[in-house]
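Note sheet for the following structure.
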Amino acid sequence: MWAWLMQRVTAVLLIVCLAIHLTETHILNIGKLNSHNILVRLANRGMVAVDLILLAAAIFHALNGLRMVLMDYWFTSRSRARMLCGVLWVAGIVLMVYGTWALWPWIGPK
Amino acid sequence: MLRRKPIETANVGSGLWKGLGMWAWLLFRISGLLLVLYLIAHIIVISTGQFHKLDALMKDFDNPVLILADLALVVAVLYHALNGVRIILMDFGVGIKRHKIMFWIAMAVVVACFAVFGYVSFTYLITGKGVVS
């Protein structure tokens, strides 16, 4: 039940955060994206929050969606589903840590 | 089983393709899988770590093929998002007696949003500048 609910909660979060992210990168700053431009934008802590929420919501939504598709075809028994869940949780945490580390040059202390 | 009304079928040659709903589901699934792959690639690519490497990467990405690929990505995102909104609305009971209208309204919003992104991207492709100075 939680997976069903969180898929929809993250979906709404993604729509909001992606709208902001795509407008900033794709419309307002197209052709002007470079590390300095990103530094200026991420100096605003609100934008940092949007990016981190986007990262977390996207990772959850994507891996849960992947889980749904995989369970339709291959991971059909209870034990296999459990193993898949474990693998996906590990992958999700790794991706979240990696993505936050990637943002660190811009958001960490100088 | 006898059918009194003929059902609408997509003419793809196989007997199981029975209508708009199946296409909606299939495109939802395909766009979702493509977006998972894109997400992982995006996180890895953006994490080059050093500013000068990222700047070089941004310059490399500034070519027409990749700008058009970017637009294709936007289409996948828009389709997946708007179809998802339709699903969430129907979870709440909105429009459950009007499935097709719900789908086509979602598609109309996709076209409207894509018009904006397409305009910005093509302006950039042609003039080399964005629409916002």
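Order determines the names: the first chain of the structure tokens is A, the second B, and so forth; residues in each chain are numbered 1 upward, and ligands are numbered 1 upward as they are shown.
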
Could you list the residues in chain A lying within 9 Å of chain B, using only C-alpha atoms, and format the result as a short mmCIF file (atom, residue, chain, number, x, y, z; two decimals) with N, CA and C atoms, in the first residue's frame?
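Done, and the output landed in iface_16.cif:
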data_model
loop_
_atom_site.label_atom_id
_atom_site.label_comp_id
_atom_site.auth_asym_id
_atom_site.auth_seq_id
_atom_site.Cartn_x
_atom_site.Cartn_y
_atom_site.Cartn_z
N ARG A 8 2.50 7.77 -6.10
CA ARG A 8 1.70 8.94 -6.48
C ARG A 8 2.19 10.21 -5.80
N ALA A 11 5.12 11.22 -7.64
CA ALA A 11 4.71 11.70 -8.96
C ALA A 11 4.35 13.18 -8.89
N VAL A 12 3.57 13.56 -7.87
CA VAL A 12 3.18 14.97 -7.74
C VAL A 12 4.42 15.83 -7.45
N LEU A 14 7.40 15.20 -8.35
CA LEU A 14 8.18 15.27 -9.58
C LEU A 14 7.60 16.29 -10.54
N ILE A 15 6.29 16.32 -10.65
CA ILE A 15 5.69 17.28 -11.58
C ILE A 15 6.08 18.70 -11.17
N LEU A 22 13.03 21.99 -15.41
CA LEU A 22 13.05 22.10 -16.86
C LEU A 22 12.91 23.55 -17.30
N THR A 23 12.11 24.35 -16.57
CA THR A 23 12.00 25.75 -16.94
C THR A 23 13.34 26.44 -16.76
N HIS A 26 16.01 24.41 -19.29
CA HIS A 26 15.71 24.22 -20.70
C HIS A 26 15.18 25.48 -21.37
N ILE A 27 14.53 26.35 -20.59
CA ILE A 27 13.90 27.50 -21.21
C ILE A 27 14.66 28.78 -20.86
N LEU A 28 14.88 29.01 -19.56
CA LEU A 28 15.48 30.29 -19.19
C LEU A 28 16.97 30.33 -19.47
N ASN A 29 17.65 29.17 -19.37
CA ASN A 29 19.10 29.19 -19.46
C ASN A 29 19.64 28.37 -20.61
N ILE A 30 18.82 28.14 -21.63
CA ILE A 30 19.27 27.28 -22.71
C ILE A 30 20.48 27.93 -23.39
N GLY A 31 21.53 27.14 -23.62
CA GLY A 31 22.72 27.66 -24.25
C GLY A 31 23.66 28.37 -23.29
N LYS A 32 23.20 28.64 -22.09
CA LYS A 32 24.06 29.38 -21.16
C LYS A 32 24.50 28.54 -19.98
N LEU A 33 24.21 27.23 -20.03
CA LEU A 33 24.52 26.40 -18.88
C LEU A 33 26.01 26.14 -18.77
N ASN A 34 26.58 26.55 -17.65
CA ASN A 34 27.95 26.16 -17.34
C ASN A 34 28.07 26.17 -15.83
N SER A 35 29.22 25.79 -15.32
CA SER A 35 29.31 25.60 -13.88
C SER A 35 29.09 26.89 -13.12
N HIS A 36 29.47 28.04 -13.72
CA HIS A 36 29.27 29.30 -13.00
C HIS A 36 27.79 29.65 -12.90
N LEU A 55 15.87 14.84 -6.88
CA LEU A 55 16.71 13.65 -6.92
C LEU A 55 16.05 12.50 -6.17
N ALA A 58 12.70 11.38 -7.83
CA ALA A 58 12.92 10.70 -9.11
C ALA A 58 13.47 9.30 -8.90
N ILE A 59 14.41 9.17 -7.96
CA ILE A 59 14.99 7.85 -7.73
C ILE A 59 13.93 6.90 -7.22
N ALA A 62 11.32 6.17 -10.06
CA ALA A 62 11.88 5.37 -11.15
C ALA A 62 12.09 3.91 -10.71
N LEU A 63 12.72 3.73 -9.54
CA LEU A 63 13.02 2.36 -9.13
C LEU A 63 11.76 1.60 -8.74
N GLY A 65 8.83 2.15 -10.11
CA GLY A 65 8.21 1.83 -11.40
C GLY A 65 8.90 0.64 -12.06
N LEU A 66 10.23 0.65 -11.98
CA LEU A 66 11.00 -0.47 -12.54
C LEU A 66 10.61 -1.76 -11.83
N VAL A 69 7.33 -3.07 -13.22
CA VAL A 69 7.45 -3.71 -14.52
C VAL A 69 8.12 -5.07 -14.37
N LEU A 95 22.42 5.54 -5.48
CA LEU A 95 22.19 6.64 -6.42
C LEU A 95 21.97 7.96 -5.69
N TYR A 98 25.31 9.15 -4.37
CA TYR A 98 26.14 9.57 -5.50
C TYR A 98 25.67 10.91 -6.07
N GLY A 99 24.34 11.05 -6.22
CA GLY A 99 23.81 12.30 -6.75
C GLY A 99 24.06 13.48 -5.83
N TRP A 101 26.54 13.71 -3.66
CA TRP A 101 27.97 13.97 -3.78
C TRP A 101 28.26 14.78 -5.05
N ALA A 102 27.53 14.47 -6.13
CA ALA A 102 27.74 15.20 -7.39
C ALA A 102 27.38 16.66 -7.23
N LEU A 103 26.39 16.96 -6.40
CA LEU A 103 25.99 18.35 -6.20
C LEU A 103 26.94 19.09 -5.26
N TRP A 104 27.77 18.34 -4.54
CA TRP A 104 28.53 18.92 -3.45
C TRP A 104 29.43 20.10 -3.85
N PRO A 105 30.11 20.06 -5.01
CA PRO A 105 30.93 21.22 -5.38
C PRO A 105 30.15 22.53 -5.39
#

Query - Sel. of alpha helix (DSSP H) residues, chain B, as a PyMOL selection string - result: chain B and resi 20-46+51-60+64-91+99-127

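For Val48 (chain A), the non-local neighbours within 12 Å, defined as residues at least 4 positions apart in the same chain or in other chains and counting only C-alpha atoms, are Cys17, Ile20, His21, Ile38, Leu39, Val40, Arg41, Leu42, Ala43, Asn44, Leu52, Ile53, Leu54, Leu55, Thr100, Leu103, Trp104, Trp106, Ile107 and Gly108 of chain A.
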